[in-house]
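Text of structure_33.pdb, listed as PDB, C-alpha atoms:
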```pdb
ATOM      1  CA  MET A  13      -1.570  11.126  27.177
ATOM      2  CA  ARG A  14       1.147   9.064  25.539
ATOM      3  CA  ILE A  15       4.645  10.436  25.013
ATOM      4  CA  THR A  16       6.953   9.084  22.331
ATOM      5  CA  LYS A  17      10.662   9.647  22.094
ATOM      6  CA  LEU A  18      13.100   8.336  19.500
ATOM      7  CA  LEU A  19      16.863   8.594  19.834
ATOM      8  CA  THR A  20      17.945   7.149  16.476
ATOM      9  CA  ALA A  21      21.657   7.021  17.254
ATOM     10  CA  GLY A  22      21.209   4.350  19.900
ATOM     11  CA  LEU A  23      17.717   3.187  18.887
ATOM     12  CA  LEU A  24      16.596   3.919  22.425
ATOM     13  CA  LEU A  25      12.819   4.112  22.429
ATOM     14  CA  THR A  26      10.577   5.318  25.194
ATOM     15  CA  PHE A  27       6.857   4.852  24.825
ATOM     16  CA  LEU A  28       4.806   5.725  27.907
ATOM     17  CA  GLY A  29       1.229   4.487  28.023
ATOM     18  CA  CYS A  30      -1.823   5.666  29.910
ATOM     19  CA  GLY A  31      -2.108   4.584  33.475
ATOM     20  CA  GLY A  32      -3.963   1.439  34.428
ATOM     21  CA  LYS A  33      -3.143  -2.199  34.463
ATOM     22  CA  GLY A  34      -4.847  -3.070  31.164
ATOM     23  CA  ARG A  35      -5.515  -6.643  30.114
ATOM     24  CA  GLU A  36      -3.063  -9.488  29.815
ATOM     25  CA  ILE A  37      -3.271 -11.901  26.906
ATOM     26  CA  VAL A  38      -1.191 -14.850  25.748
ATOM     27  CA  ASP A  39      -0.384 -14.528  22.058
ATOM     28  CA  ARG A  40      -0.117 -17.337  19.496
ATOM     29  CA  ALA A  41       3.605 -17.687  20.224
ATOM     30  CA  GLY A  42       2.901 -18.265  23.922
ATOM     31  CA  ARG A  43       4.101 -14.825  25.025
ATOM     32  CA  THR A  44       2.224 -12.841  27.688
ATOM     33  CA  VAL A  45       1.457  -9.324  26.472
ATOM     34  CA  THR A  46      -0.221  -6.476  28.349
ATOM     35  CA  ILE A  47      -2.689  -4.328  26.393
ATOM     36  CA  LYS A  48      -3.108  -1.012  28.190
ATOM     37  CA  ASN A  49      -5.194   0.941  25.695
ATOM     38  CA  GLN A  50      -8.292   0.345  23.652
ATOM     39  CA  ILE A  51      -7.166  -0.924  20.249
ATOM     40  CA  ASN A  52      -7.978   1.690  17.637
ATOM     41  CA  ARG A  53      -4.646   1.878  15.771
ATOM     42  CA  ILE A  54      -3.219  -1.357  14.359
ATOM     43  CA  VAL A  55       0.024  -2.132  12.550
ATOM     44  CA  SER A  56      -0.197  -5.440  10.662
ATOM     45  CA  THR A  57       3.122  -6.870   9.530
ATOM     46  CA  ALA A  58       2.031  -9.882   7.442
ATOM     47  CA  PRO A  59      -0.600 -10.376   4.706
ATOM     48  CA  SER A  60      -2.169 -13.379   6.450
ATOM     49  CA  ASN A  61      -2.849 -11.249   9.520
ATOM     50  CA  THR A  62      -4.113  -8.393   7.356
ATOM     51  CA  GLU A  63      -6.519 -10.757   5.592
ATOM     52  CA  ILE A  64      -7.851 -11.986   8.928
ATOM     53  CA  ILE A  65      -8.332  -8.382  10.048
ATOM     54  CA  ALA A  66     -10.176  -7.715   6.777
ATOM     55  CA  SER A  67     -12.423 -10.752   7.284
ATOM     56  CA  LEU A  68     -13.306  -9.336  10.725
ATOM     57  CA  GLU A  69     -14.223  -5.997   9.092
ATOM     58  CA  MET A  70     -11.603  -4.156  11.151
ATOM     59  CA  THR A  71      -9.490  -2.645   8.352
ATOM     60  CA  HIS A  72     -10.571   0.873   9.341
ATOM     61  CA  LYS A  73      -8.292   0.511  12.378
ATOM     62  CA  LEU A  74      -5.174  -0.170  10.321
ATOM     63  CA  VAL A  75      -2.545   2.584  10.337
ATOM     64  CA  ALA A  76       0.245   0.642   8.547
ATOM     65  CA  ILE A  77       0.743  -2.698   6.797
ATOM     66  CA  ASP A  78       3.607  -4.680   5.292
ATOM     67  CA  ARG A  79       4.229  -4.343   1.542
ATOM     68  CA  HIS A  80       2.847  -7.818   0.803
ATOM     69  CA  SER A  81      -0.507  -6.760   2.272
ATOM     70  CA  ALA A  82      -0.998  -4.024  -0.308
ATOM     71  CA  ASN A  83      -3.304  -6.196  -2.446
ATOM     72  CA  VAL A  84      -5.600  -7.296   0.375
ATOM     73  CA  ALA A  85      -9.162  -6.332  -0.481
ATOM     74  CA  GLY A  86     -10.794  -3.661   1.654
ATOM     75  CA  ILE A  87      -7.748  -1.993   3.193
ATOM     76  CA  PRO A  88      -7.695   1.823   3.347
ATOM     77  CA  SER A  89      -5.772   3.549   0.573
ATOM     78  CA  ASN A  90      -2.396   5.229   1.112
ATOM     79  CA  LEU A  91      -1.431   3.307   4.243
ATOM     80  CA  PRO A  92       2.321   3.307   4.997
ATOM     81  CA  LEU A  93       3.898   0.127   3.611
ATOM     82  CA  LEU A  94       6.540  -1.516   5.810
ATOM     83  CA  ASP A  95       9.347  -3.835   4.818
ATOM     84  CA  PHE A  96       8.468  -7.389   5.882
ATOM     85  CA  PHE A  97      11.841  -8.156   7.517
ATOM     86  CA  TYR A  98      13.223  -4.674   8.216
ATOM     87  CA  PRO A  99      10.302  -2.386   9.168
ATOM     88  CA  ASP A 100      11.092   1.283   9.734
ATOM     89  CA  VAL A 101      10.988   1.714  13.515
ATOM     90  CA  GLU A 102      10.705   5.497  13.315
ATOM     91  CA  VAL A 103       7.694   5.301  11.003
ATOM     92  CA  ILE A 104       5.958   2.866  13.347
ATOM     93  CA  ILE A 105       6.556   4.848  16.521
ATOM     94  CA  ASN A 106       5.372   8.071  14.880
ATOM     95  CA  LEU A 107       2.089   6.319  14.071
ATOM     96  CA  GLU A 108       1.519   5.696  17.802
ATOM     97  CA  PRO A 109      -0.059   2.250  17.341
ATOM     98  CA  ASP A 110      -2.079   0.594  20.066
ATOM     99  CA  ILE A 111      -0.918  -2.830  18.868
ATOM    100  CA  ILE A 112       1.487  -4.435  16.406
ATOM    101  CA  ILE A 113       0.182  -7.753  15.059
ATOM    102  CA  ALA A 114       3.316  -9.521  13.863
ATOM    103  CA  SER A 115       4.065 -12.889  12.281
ATOM    104  CA  GLY A 116       6.385 -15.761  13.066
ATOM    105  CA  HIS A 117       7.821 -15.137   9.610
ATOM    106  CA  ASN A 118       8.970 -11.588  10.425
ATOM    107  CA  PRO A 119      12.223 -12.418  12.264
ATOM    108  CA  THR A 120      15.147 -12.538   9.838
ATOM    109  CA  GLY A 121      17.174 -15.627   8.997
ATOM    110  CA  SER A 122      19.487 -14.795  11.885
ATOM    111  CA  GLY A 123      16.512 -14.983  14.238
ATOM    112  CA  GLU A 124      16.592 -11.249  14.996
ATOM    113  CA  ASP A 125      13.202  -9.901  16.080
ATOM    114  CA  PRO A 126      12.577  -6.618  14.207
ATOM    115  CA  PHE A 127      10.014  -5.516  16.815
ATOM    116  CA  ARG A 128      11.954  -6.340  19.971
ATOM    117  CA  LEU A 129      12.869  -2.739  20.776
ATOM    118  CA  LEU A 130       9.320  -1.547  20.179
ATOM    119  CA  GLY A 131       7.986  -4.216  22.515
ATOM    120  CA  GLU A 132      10.539  -3.389  25.178
ATOM    121  CA  ALA A 133       9.616   0.278  24.819
ATOM    122  CA  GLY A 134       6.007  -0.422  25.727
ATOM    123  CA  ILE A 135       4.247  -0.823  22.385
ATOM    124  CA  PRO A 136       2.309  -4.111  22.632
ATOM    125  CA  VAL A 137       3.475  -6.639  20.034
ATOM    126  CA  VAL A 138       1.616  -9.914  19.550
ATOM    127  CA  TYR A 139       2.906 -12.728  17.361
ATOM    128  CA  ILE A 140       0.892 -15.092  15.213
ATOM    129  CA  SER A 141       3.079 -18.184  14.938
ATOM    130  CA  MET A 142       3.554 -19.975  11.618
ATOM    131  CA  SER A 143       0.322 -21.944  11.217
ATOM    132  CA  ARG A 144       0.914 -25.617  10.514
ATOM    133  CA  SER A 145      -2.668 -26.824  10.109
ATOM    134  CA  ILE A 146      -6.123 -25.623   9.148
ATOM    135  CA  GLU A 147      -7.003 -25.884  12.840
ATOM    136  CA  ASP A 148      -4.170 -23.447  13.564
ATOM    137  CA  ILE A 149      -5.765 -20.972  11.159
ATOM    138  CA  TYR A 150      -9.046 -21.202  13.067
ATOM    139  CA  CYS A 151      -7.101 -20.491  16.267
ATOM    140  CA  ASP A 152      -5.392 -17.488  14.647
ATOM    141  CA  ILE A 153      -8.780 -16.043  13.678
ATOM    142  CA  THR A 154     -10.157 -16.676  17.164
ATOM    143  CA  PHE A 155      -7.137 -14.988  18.747
ATOM    144  CA  ILE A 156      -7.217 -11.856  16.570
ATOM    145  CA  ALA A 157     -10.993 -11.578  16.931
ATOM    146  CA  GLY A 158     -10.646 -11.757  20.711
ATOM    147  CA  LEU A 159      -7.798  -9.269  20.667
ATOM    148  CA  LEU A 160      -9.926  -6.787  18.727
ATOM    149  CA  GLN A 161     -12.994  -7.652  20.838
ATOM    150  CA  VAL A 162     -15.093  -8.924  17.918
ATOM    151  CA  SER A 163     -15.253 -12.580  18.945
ATOM    152  CA  GLY A 164     -18.729 -13.018  17.487
ATOM    153  CA  LYS A 165     -17.507 -11.967  14.052
ATOM    154  CA  GLY A 166     -14.578 -14.351  14.395
ATOM    155  CA  GLU A 167     -16.950 -17.228  15.101
ATOM    156  CA  GLU A 168     -18.947 -16.273  12.007
ATOM    157  CA  VAL A 169     -15.839 -16.276   9.807
ATOM    158  CA  ILE A 170     -14.754 -19.682  11.103
ATOM    159  CA  ARG A 171     -18.262 -21.104  10.686
ATOM    160  CA  THR A 172     -18.317 -19.991   7.035
ATOM    161  CA  MET A 173     -14.901 -21.543   6.421
ATOM    162  CA  LYS A 174     -15.944 -24.823   8.000
ATOM    163  CA  GLU A 175     -19.114 -24.965   5.904
ATOM    164  CA  GLN A 176     -17.112 -24.432   2.696
ATOM    165  CA  ILE A 177     -14.538 -27.051   3.681
ATOM    166  CA  ALA A 178     -17.267 -29.496   4.698
ATOM    167  CA  ASP A 179     -18.776 -29.181   1.225
ATOM    168  CA  ILE A 180     -15.443 -30.271  -0.247
ATOM    169  CA  THR A 181     -14.838 -33.115   2.202
ATOM    170  CA  GLN A 182     -18.351 -34.448   1.601
ATOM    171  CA  LYS A 183     -17.574 -34.794  -2.102
ATOM    172  CA  ALA A 184     -14.154 -36.275  -1.271
ATOM    173  CA  GLU A 185     -15.962 -39.241   0.284
ATOM    174  CA  LEU A 186     -16.939 -40.264  -3.268
ATOM    175  CA  ILE A 187     -13.283 -40.781  -4.213
ATOM    176  CA  GLU A 188     -12.346 -44.452  -4.389
ATOM    177  CA  ILE A 189      -8.679 -44.168  -5.424
ATOM    178  CA  ARG A 190      -6.765 -41.207  -4.009
ATOM    179  CA  LYS A 191      -4.512 -39.436  -6.492
ATOM    180  CA  THR A 192      -0.985 -38.462  -5.512
ATOM    181  CA  VAL A 193       0.040 -34.814  -5.687
ATOM    182  CA  TYR A 194       3.294 -32.891  -5.816
ATOM    183  CA  PHE A 195       2.707 -29.230  -4.861
ATOM    184  CA  GLU A 196       5.599 -26.918  -5.714
ATOM    185  CA  ILE A 197       6.020 -23.602  -3.896
ATOM    186  CA  SER A 198       9.451 -22.721  -5.307
ATOM    187  CA  ALA A 199      10.642 -23.502  -8.827
ATOM    188  CA  ALA A 200      13.874 -25.076 -10.088
ATOM    189  CA  PRO A 201      16.728 -24.920  -9.420
ATOM    190  CA  GLU A 202      15.753 -24.365  -5.760
ATOM    191  CA  MET A 203      12.623 -26.492  -5.713
ATOM    192  CA  MET A 204      10.628 -26.457  -2.528
ATOM    193  CA  THR A 205       7.489 -28.182  -1.296
ATOM    194  CA  PHE A 206       6.083 -29.207   2.084
ATOM    195  CA  GLY A 207       5.422 -32.256   4.190
ATOM    196  CA  LYS A 208       3.467 -32.972   7.347
ATOM    197  CA  ASP A 209       2.727 -30.248   9.896
ATOM    198  CA  SER A 210       1.740 -27.761   7.187
ATOM    199  CA  PHE A 211      -1.705 -26.394   6.422
ATOM    200  CA  LEU A 212      -1.126 -27.042   2.711
ATOM    201  CA  ASN A 213      -0.652 -30.737   3.476
ATOM    202  CA  ASP A 214      -3.993 -30.586   5.310
ATOM    203  CA  MET A 215      -5.543 -28.996   2.237
ATOM    204  CA  ILE A 216      -4.384 -31.832  -0.027
ATOM    205  CA  SER A 217      -5.983 -34.307   2.371
ATOM    206  CA  VAL A 218      -9.220 -32.304   2.468
ATOM    207  CA  ILE A 219      -9.717 -32.643  -1.291
ATOM    208  CA  GLY A 220      -9.182 -36.404  -1.063
ATOM    209  CA  ALA A 221      -5.643 -36.613  -2.454
ATOM    210  CA  ARG A 222      -2.265 -37.599  -0.998
ATOM    211  CA  ASN A 223       0.870 -35.471  -0.819
ATOM    212  CA  ILE A 224       3.873 -37.446  -2.143
ATOM    213  CA  PHE A 225       5.972 -35.856   0.622
ATOM    214  CA  GLU A 226       3.377 -36.304   3.394
ATOM    215  CA  ASN A 227       5.851 -38.213   5.581
ATOM    216  CA  ASP A 228       8.557 -35.546   5.392
ATOM    217  CA  ASN A 229       8.844 -32.724   7.887
ATOM    218  CA  TRP A 230       7.287 -29.345   7.123
ATOM    219  CA  LEU A 231       9.347 -27.580   4.406
ATOM    220  CA  VAL A 232      11.067 -29.910   1.935
ATOM    221  CA  SER A 233      13.743 -29.192  -0.689
ATOM    222  CA  PRO A 234      13.346 -32.237  -2.951
ATOM    223  CA  GLY A 235      15.738 -33.248  -5.673
ATOM    224  CA  ALA A 236      14.335 -33.858  -9.142
ATOM    225  CA  GLU A 237      15.050 -37.590  -8.783
ATOM    226  CA  SER A 238      12.893 -37.919  -5.678
ATOM    227  CA  ILE A 239       9.956 -36.277  -7.463
ATOM    228  CA  ILE A 240      10.412 -38.497 -10.518
ATOM    229  CA  ASP A 241      10.692 -41.619  -8.343
ATOM    230  CA  ARG A 242       7.477 -40.789  -6.468
ATOM    231  CA  ASN A 243       5.723 -40.215  -9.819
ATOM    232  CA  PRO A 244       2.784 -37.985  -8.822
ATOM    233  CA  ASP A 245      -0.539 -38.218 -10.664
ATOM    234  CA  VAL A 246      -0.951 -34.431 -10.485
ATOM    235  CA  ILE A 247       1.484 -31.543 -10.099
ATOM    236  CA  LEU A 248       0.277 -28.250  -8.615
ATOM    237  CA  THR A 249       2.329 -25.065  -8.431
ATOM    238  CA  ASN A 250       1.666 -21.664  -6.915
ATOM    239  CA  VAL A 251       4.898 -20.204  -8.301
ATOM    240  CA  ASN A 252       4.140 -16.808  -9.829
ATOM    241  CA  TYR A 253       7.543 -15.195 -10.231
ATOM    242  CA  ILE A 254       8.578 -16.796 -13.531
ATOM    243  CA  PRO A 255       6.811 -16.333 -16.905
ATOM    244  CA  ASN A 256       5.374 -19.839 -17.405
ATOM    245  CA  PRO A 257       5.750 -22.088 -14.347
ATOM    246  CA  ILE A 258       3.673 -24.900 -15.856
ATOM    247  CA  ASN A 259       5.814 -25.131 -18.975
ATOM    248  CA  GLU A 260       8.980 -24.869 -16.876
ATOM    249  CA  ILE A 261       7.890 -27.958 -14.916
ATOM    250  CA  LYS A 262       6.919 -29.901 -18.039
ATOM    251  CA  THR A 263      10.272 -29.282 -19.737
ATOM    252  CA  ARG A 264      12.573 -30.212 -16.852
ATOM    253  CA  PRO A 265      15.001 -33.032 -17.624
ATOM    254  CA  GLY A 266      13.443 -36.362 -16.673
ATOM    255  CA  PHE A 267      10.012 -34.952 -15.860
ATOM    256  CA  ASN A 268       8.660 -36.355 -19.125
ATOM    257  CA  HIS A 269       8.568 -39.712 -17.284
ATOM    258  CA  ILE A 270       6.168 -38.424 -14.602
ATOM    259  CA  ASP A 271       2.514 -39.413 -15.044
ATOM    260  CA  ALA A 272       1.332 -35.870 -14.265
ATOM    261  CA  VAL A 273       3.389 -34.516 -17.161
ATOM    262  CA  ILE A 274       2.563 -37.399 -19.517
ATOM    263  CA  ASN A 275      -1.178 -36.860 -18.912
ATOM    264  CA  ASP A 276      -0.936 -33.046 -18.915
ATOM    265  CA  HIS A 277      -2.090 -32.793 -15.308
ATOM    266  CA  VAL A 278       0.026 -29.821 -14.246
ATOM    267  CA  TYR A 279      -1.919 -26.844 -12.889
ATOM    268  CA  GLN A 280      -1.281 -23.434 -11.374
ATOM    269  CA  ILE A 281      -2.980 -22.467  -8.095
ATOM    270  CA  ASP A 282      -3.492 -18.910  -6.831
ATOM    271  CA  ASN A 283      -0.417 -17.961  -4.829
ATOM    272  CA  ASP A 284      -1.871 -15.626  -2.223
ATOM    273  CA  SER A 285      -4.736 -17.868  -1.141
ATOM    274  CA  SER A 286      -2.518 -20.946  -0.950
ATOM    275  CA  VAL A 287       0.420 -19.507   1.010
ATOM    276  CA  ARG A 288      -1.378 -17.168   3.410
ATOM    277  CA  PRO A 289      -2.932 -18.917   6.420
ATOM    278  CA  SER A 290      -6.182 -16.968   6.425
ATOM    279  CA  PRO A 291      -9.868 -17.444   5.549
ATOM    280  CA  ARG A 292      -8.935 -17.169   1.863
ATOM    281  CA  ILE A 293      -7.476 -20.693   1.792
ATOM    282  CA  THR A 294     -10.956 -21.807   0.724
ATOM    283  CA  LEU A 295     -10.312 -20.234  -2.705
ATOM    284  CA  ALA A 296      -7.152 -22.318  -3.134
ATOM    285  CA  LEU A 297      -9.017 -25.397  -1.902
ATOM    286  CA  ARG A 298     -11.649 -24.990  -4.622
ATOM    287  CA  GLN A 299      -8.962 -24.557  -7.292
ATOM    288  CA  MET A 300      -7.021 -27.571  -6.031
ATOM    289  CA  SER A 301     -10.075 -29.806  -5.865
ATOM    290  CA  ARG A 302     -11.176 -28.955  -9.403
ATOM    291  CA  ALA A 303      -7.667 -29.446 -10.765
ATOM    292  CA  VAL A 304      -7.128 -32.844  -9.152
ATOM    293  CA  TYR A 305     -10.674 -34.242  -9.425
ATOM    294  CA  PRO A 306     -12.568 -32.251 -12.092
ATOM    295  CA  GLU A 307     -15.018 -35.110 -12.560
ATOM    296  CA  ILE A 308     -16.148 -34.745  -8.922
ATOM    297  CA  TYR A 309     -15.760 -31.087  -8.025
ATOM    298  CA  GLU A 310     -16.946 -29.480 -11.259
ATOM    299  CA  LYS A 311     -20.360 -31.107 -11.013
TER
END
```
Would you mind writing the file's structure down as structure tokens?
Amino acid sequence: MRITKLLTAGLLLTFLGCGGKGREIVDRAGRTVTIKNQINRIVSTAPSNTEIIASLEMTHKLVAIDRHSANVAGIPSNLPLLDFFYPDVEVIINLEPDIIIASGHNPTGSGEDPFRLLGEAGIPVVYISMSRSIEDIYCDITFIAGLLQVSGKGEEVIRTMKEQIADITQKAELIEIRKTVYFEISAAPEMMTFGKDSFLNDMISVIGARNIFENDNWLVSPGAESIIDRNPDVILTNVNYIPNPINEIKTRPGFNHIDAVINDHVYQIDNDSSVRPSPRITLALRQMSRAVYPEIYEK
């Protein structure tokens, strides 16, 4: 029988597990974690992890999720919703989870780990690092499937993804001249995009296009001049927090000189499926391919 104790004044947590050595695993951040109990109660702290859990048909084991996971299809209703960066420790410990599946995005800007005390208190916490390639996403699925002891289902999910991506890459072989793409993930004045070592850069390559910032490192904060100078053929945006992101891009000073704007090739891509490293990236891939090469992918 497990005993939980919370002393909120000093945030001293004691969480005593059942006897037995359990199983040791190495998580996606390279940390060794001991799992002492059968996993029947899961806390998921990031929507990408929640979507992977959903794809594995394991949502019935969820006892809490982060707020951004609330729209993931198939999750039980009325689950406690946790803050992404500052989860309520008392809520989590009262749920008596068998595992916390956390994300490399959860630590705050200061680098503080919001689950450190819970881990030190004996609640197993595994981290899924920030995936920087499509291959990383496959590895994330494999890891979570193994963790939840449904490896066969994980293999099925990955096989389906690979078949869908192969269908796109097969059509990409018909492309003779690769179009250039600027993909915006944060709007002006704090524009942001991505370079190499990002799964979104992989996705642009999969559809047969070329990221204008493909030689830059990971996250990029480009100035308007650098975008204008690189003159992309197509502009994609997954910004969804302003009323009309496409019009906002088209009306920026100087952007009227960009071929993508001149030719009205500015398109919006689903935000969730393009920013969450999960099986749902195939939805964003289909949208991206049809936006950039409608003559090939709409056939």
* With only C-alpha atoms as the basis for distance, which of A:Tyr150, A:Leu130, A:Arg190, A:Gly220 is at the shortest distance from Arg171 in chain A? ->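 Selected residue with least distance to Arg171 in chain A: A:Tyr150.
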* Written as a PyMOL selection string, which residues does the PyMOL selection byres ((chain A and resi 237-243) around 10) give for the file shown? -> chain A and resi 192-194+224-225+234-236+244-247+265-273
Just so the selection is clear, what residues does the PyMOL selection byres ((chain A and resi 101-112) around 7) cover here, as an mmCIF file with C-alpha atoms, in the coordinates of the input?
```cif
data_model
loop_
_atom_site.group_PDB
_atom_site.id
_atom_site.type_symbol
_atom_site.label_atom_id
_atom_site.label_comp_id
_atom_site.auth_asym_id
_atom_site.auth_seq_id
_atom_site.Cartn_x
_atom_site.Cartn_y
_atom_site.Cartn_z
ATOM 1 C CA ASN A 49 -5.194 0.941 25.695
ATOM 2 C CA ILE A 51 -7.166 -0.924 20.249
ATOM 3 C CA ASN A 52 -7.978 1.690 17.637
ATOM 4 C CA ARG A 53 -4.646 1.878 15.771
ATOM 5 C CA ILE A 54 -3.219 -1.357 14.359
ATOM 6 C CA VAL A 55 0.024 -2.132 12.550
ATOM 7 C CA SER A 56 -0.197 -5.440 10.662
ATOM 8 C CA PRO A 99 10.302 -2.386 9.168
ATOM 9 C CA ASP A 100 11.092 1.283 9.734
ATOM 10 C CA ILE A 113 0.182 -7.753 15.059
ATOM 11 C CA ALA A 114 3.316 -9.521 13.863
ATOM 12 C CA ILE A 135 4.247 -0.823 22.385
ATOM 13 C CA PRO A 136 2.309 -4.111 22.632
ATOM 14 C CA VAL A 137 3.475 -6.639 20.034
ATOM 15 C CA VAL A 138 1.616 -9.914 19.550
#
```
* Asked: the PyMOL selection byres ((chain A and resi 233) around 6) on the file shown: which residues, as a list in words?
  ->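 Taken on the displayed file, the PyMOL selection byres ((chain A and resi 233) around 6) yields the residues Met203, Met204, Val232 and Pro234 of chain A.
Of the listed residues (A:Gln280, A:Thr44, A:Leu160, A:Glu124), A:Leu160 comes nearest to Leu74 in chain A; the distances count only C-alpha atoms.
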Mind listing as a tab-separated table (two decimals) with C-alpha atoms, in the coordinates of the input all residues within 9 Å of (1.5, -4.6, 4.4), counting all atoms listed in the file?
```
chain	number	residue	atom	x	y	z
A	55	VAL	CA	0.02	-2.13	12.55
A	56	SER	CA	-0.20	-5.44	10.66
A	57	THR	CA	3.12	-6.87	9.53
A	58	ALA	CA	2.03	-9.88	7.44
A	59	PRO	CA	-0.60	-10.38	4.71
A	62	THR	CA	-4.11	-8.39	7.36
A	76	ALA	CA	0.24	0.64	8.55
A	77	ILE	CA	0.74	-2.70	6.80
A	78	ASP	CA	3.61	-4.68	5.29
A	79	ARG	CA	4.23	-4.34	1.54
A	80	HIS	CA	2.85	-7.82	0.80
A	81	SER	CA	-0.51	-6.76	2.27
A	82	ALA	CA	-1.00	-4.02	-0.31
A	83	ASN	CA	-3.30	-6.20	-2.45
A	84	VAL	CA	-5.60	-7.30	0.38
A	91	LEU	CA	-1.43	3.31	4.24
A	92	PRO	CA	2.32	3.31	5.00
A	93	LEU	CA	3.90	0.13	3.61
A	94	LEU	CA	6.54	-1.52	5.81
A	95	ASP	CA	9.35	-3.84	4.82
A	96	PHE	CA	8.47	-7.39	5.88
```
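Using only C-alpha atoms, the shortest contact distance between Glu202 in chain A and any of A:Val287, A:Val251, A:Ile37, A:Ile187 is found at A:Val251.
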* Choose the residue, out of A:Asn275, A:Ser286, A:Ser163, A:Asn229, that has the smallest atom-to-atom separation from Asn250 in chain A; count only C-alpha atoms. => A:Ser286
* **A:Asn61, A:Ser301, A:Thr172, A:Thr46 ranked by distance to Lys191 in chain A, top pick (using all atoms listed in the file)** =>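 Among A:Asn61, A:Ser301, A:Thr172, A:Thr46, it is A:Ser301 that comes nearest to Lys191 in chain A.
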What's the 8 Å shell around Asp39 in chain A, counting only C-alpha atoms, without same-chain residues fewer than 4 positions away, as a CSV table (one decimal) with C-alpha atoms, in the coordinates of the input?
```csv
chain,number,residue,atom,x,y,z
A,43,ARG,CA,4.1,-14.8,25.0
A,44,THR,CA,2.2,-12.8,27.7
A,45,VAL,CA,1.5,-9.3,26.5
A,138,VAL,CA,1.6,-9.9,19.6
A,139,TYR,CA,2.9,-12.7,17.4
A,140,ILE,CA,0.9,-15.1,15.2
A,155,PHE,CA,-7.1,-15.0,18.7
```
* When distances are computed from all atoms listed in the file, which of A:Val304, A:Ala296, A:Met173, A:Leu129 shows the smallest separation from Ser67 in chain A? ->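 For Ser67 in chain A, the nearest of the given residues is A:Met173.
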